[in-house]
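Step one of this worksheet: look at the structure below.
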Amino acid sequence: MYASVLDTAWSHGAVTVADTLHDDTVAGMAERILRDAPARFALLGTSMGGYVALEVARQAPGRVAGLALVSTSARADSNEQLAARRKQSQLVEQGHFDELVDAAFRGVVAERNESDPGLLQAWRSMAATVGPDRFLRQQTATMGRSDSLDILAGVACPTFVVHGAEDRLIPVAAGEEIAAAVPGATLRLIAEAGHFLLLERPAEAAAVVDEFLRAVW
């Protein structure tokens with residue numbers, strides 16, 4: 001997921017990719033990050049990682065020097081979203097993980113990128129690394145997460161909200177809502193990109209990460 005931006009991030013200092021594979025709550029994922037992280041750090045979270053990043057900001061706002069929220073939402077799941085996740089989990093429990101991964105691909109990229117074999121292979125590879133058991137754990141965490149709208153007005157660190165202009169999984173409006181609520185937040189919409197924007201538009205993603213970290217440090 002982060003291959004396109006790691007070199008840029010490393011140019012600003014040491015980098016850690018957080019572990020979100022071993023906890024079945026978003027709060028637990030955030031606690032693990034805080035146990036492993038330095039006293040003060042910049043934090044970037046994508047999609048579910050954005051939910052976790054907001055929970056980190058809730059638990060330890062003074063330790064977060066900068067916050068980047070990519071392809072994410074501050075809202076808890078709607079009833080419709082919860083029903084869809086339950087259906088996905090049932091399919092995985094019935095042994096259809098690989099079929100679910102392929103079926104989900106269209107939703108994570110912009111329509112123009114549906115036929116990109118490199119993106120599909122990257123998606124499959126990432127999913128295989130997670131695997132069905134960890135996927136189910138992450139689904140449980142995502143479904144049980146808290147709504148984070150209440151903390152946005154209190155976020156005091158430099159904050160970037162980055163969203164693919166053609167995101168069909170989490171609409172642009174979700175990113176715009178976060179950016180409007182966080183004081184002084186910077187909103188960056190990436191053209192010709194969907195939910196998978198870090199790999200769909202790698203050069204643009206790296207440029208935004210560089211801008212973000214320069215604003216922090």
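All residue names refer to the structure tokens as shown: chains lettered A, B, ... in order, residues numbered from 1 in each chain, ligands numbered from 1 in order.
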
**Report entry** Spatial neighbours of stretch 87-95 of chain A, 7 Å, only C-alpha atoms, chain gap at least 3 places, as a VMD selection string
**Finding:** chain A and resid 83 to 84 132 136

Interface rows for stretch 74-150 of chain A against stretch 34-52 of chain A: nearest pair, Å to one decimal, 10 Å, only C-alpha atoms, as CSV:
```
residue,atom,partner,partner_atom,distance
A:Ala74,CA,A:Tyr51,CA,6.8
A:Arg75,CA,A:Tyr51,CA,8.8
A:Ala76,CA,A:Tyr51,CA,9.0
A:Gln138,CA,A:Met48,CA,8.5
A:Gln139,CA,A:Met48,CA,9.5
A:Ala141,CA,A:Met48,CA,9.2
A:Thr142,CA,A:Met48,CA,7.0
A:Arg145,CA,A:Tyr51,CA,7.8
A:Ser146,CA,A:Tyr51,CA,8.7
A:Asp147,CA,A:Tyr51,CA,8.9
A:Ser148,CA,A:Tyr51,CA,8.0
```

Atoms kept (N, CA and C atoms) for selection, written as a PDB file, in the first residue's frame:
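Contents of again_24.pdb, as written:
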```pdb
ATOM      1  N   ALA A  74     -14.643   9.887   8.961  1.00  0.00           N
ATOM      2  CA  ALA A  74     -14.698  10.006  10.413  1.00  0.00           C
ATOM      3  C   ALA A  74     -15.963   9.384  10.985  1.00  0.00           C
ATOM      4  N   ARG A  75     -16.856   8.921  10.137  1.00  0.00           N
ATOM      5  CA  ARG A  75     -18.132   8.373  10.592  1.00  0.00           C
ATOM      6  C   ARG A  75     -18.034   6.869  10.850  1.00  0.00           C
ATOM      7  N   ALA A  76     -18.800   6.395  11.819  1.00  0.00           N
ATOM      8  CA  ALA A  76     -18.979   4.958  11.993  1.00  0.00           C
ATOM      9  C   ALA A  76     -19.796   4.416  10.823  1.00  0.00           C
ATOM     10  N   GLN A 138     -10.072  -7.765  11.081  1.00  0.00           N
ATOM     11  CA  GLN A 138     -10.164  -6.352  10.712  1.00  0.00           C
ATOM     12  C   GLN A 138     -11.608  -5.930  10.474  1.00  0.00           C
ATOM     13  N   GLN A 139     -12.413  -6.814   9.894  1.00  0.00           N
ATOM     14  CA  GLN A 139     -13.824  -6.506   9.706  1.00  0.00           C
ATOM     15  C   GLN A 139     -14.501  -6.281  11.062  1.00  0.00           C
ATOM     16  N   ALA A 141     -13.124  -5.278  13.804  1.00  0.00           N
ATOM     17  CA  ALA A 141     -12.640  -4.004  14.337  1.00  0.00           C
ATOM     18  C   ALA A 141     -13.335  -2.827  13.665  1.00  0.00           C
ATOM     19  N   THR A 142     -13.429  -2.891  12.345  1.00  0.00           N
ATOM     20  CA  THR A 142     -14.024  -1.794  11.587  1.00  0.00           C
ATOM     21  C   THR A 142     -15.494  -1.620  11.939  1.00  0.00           C
ATOM     22  N   ARG A 145     -16.031   0.133  15.435  1.00  0.00           N
ATOM     23  CA  ARG A 145     -15.313   1.368  15.747  1.00  0.00           C
ATOM     24  C   ARG A 145     -16.261   2.491  16.181  1.00  0.00           C
ATOM     25  N   SER A 146     -15.694   3.452  16.890  1.00  0.00           N
ATOM     26  CA  SER A 146     -16.440   4.625  17.332  1.00  0.00           C
ATOM     27  C   SER A 146     -16.509   5.658  16.218  1.00  0.00           C
ATOM     28  N   ASP A 147     -17.561   6.425  16.217  1.00  0.00           N
ATOM     29  CA  ASP A 147     -17.644   7.598  15.362  1.00  0.00           C
ATOM     30  C   ASP A 147     -16.617   8.619  15.865  1.00  0.00           C
ATOM     31  N   SER A 148     -15.887   9.237  14.936  1.00  0.00           N
ATOM     32  CA  SER A 148     -14.829  10.169  15.343  1.00  0.00           C
ATOM     33  C   SER A 148     -15.154  11.621  15.028  1.00  0.00           C
TER      34      SER A 148
END
```

Requested in this report: Can you check which residues of stretch 67-210 of chain A DSSP gives as alpha helix (DSSP H) on the backbone and send them as a ChimeraX atom specification?
Outcome: /A:79-93,97-108,117-143,172-181,197-200,202-210

Query raised in the report: Looking at only C-alpha atoms, which of A:Val17, A:Ile190, A:Val109, A:Val130 is the one that sits closest to A:Glu204?
Result: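 Among the listed residues, A:Ile190 lies closest to A:Glu204.
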
Query raised in the report: What's the 10 Å shell around A:Met1, counting only C-alpha atoms, without same-chain residues fewer than 3 positions away, as a list in words?
Result: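 The neighbour list is Ser4, Val5, Leu6, Thr46, Ala122, Trp123, Met126, Phe196, Leu197, Leu198 and Leu199 of chain A.
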
Query raised in the report: atom CA of A:Glu111 to atom CA of A:Glu200: how many Å, to one decimal?
Result: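 Pair atom CA of A:Glu111 / atom CA of A:Glu200 returns 11.3 Å.
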
Query raised in the report: From the list A:Val56, A:Val15, A:Ala104, A:Ile151, which residue is nearest A:Ala30 when using only C-alpha atoms?
Result: A:Val56

Query - Contact residues around A:Gly66 with only C-alpha atoms at 10 Å, ignoring same-chain residues under 6 positions, as a PyMOL selection string - result: chain A and resi 40-44+57+155-160+212-213+215-217

Requested in this report: Compare A:Arg32, A:Arg214, A:His22, A:Arg106 by their minimum atom-to-atom distance to A:Asp167, counting only C-alpha atoms, and give me the closest one.
Outcome: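 Selected residue with least distance to A:Asp167: A:Arg106.
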
Report summary line: Using only C-alpha atoms, the residue out of A:Asp210, A:Val101, A:Val70, A:Leu119 with shortest distance to A:Leu187 is A:Val70

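If you measure from each of A:Leu169, A:Ala191, A:Ala128, A:Ala65 to A:Asp98 using only C-alpha atoms, the closest one turns out to be A:Ala128.
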
**Report entry** For A:Ala179: contacts at 12 Å, only C-alpha atoms, fewer than 6 positions along chain excluded, given as an MDAnalysis selection string
**Finding:** chainID A and resid 67:70 72:74 149 152:153 155 158:163 172:173 185:189
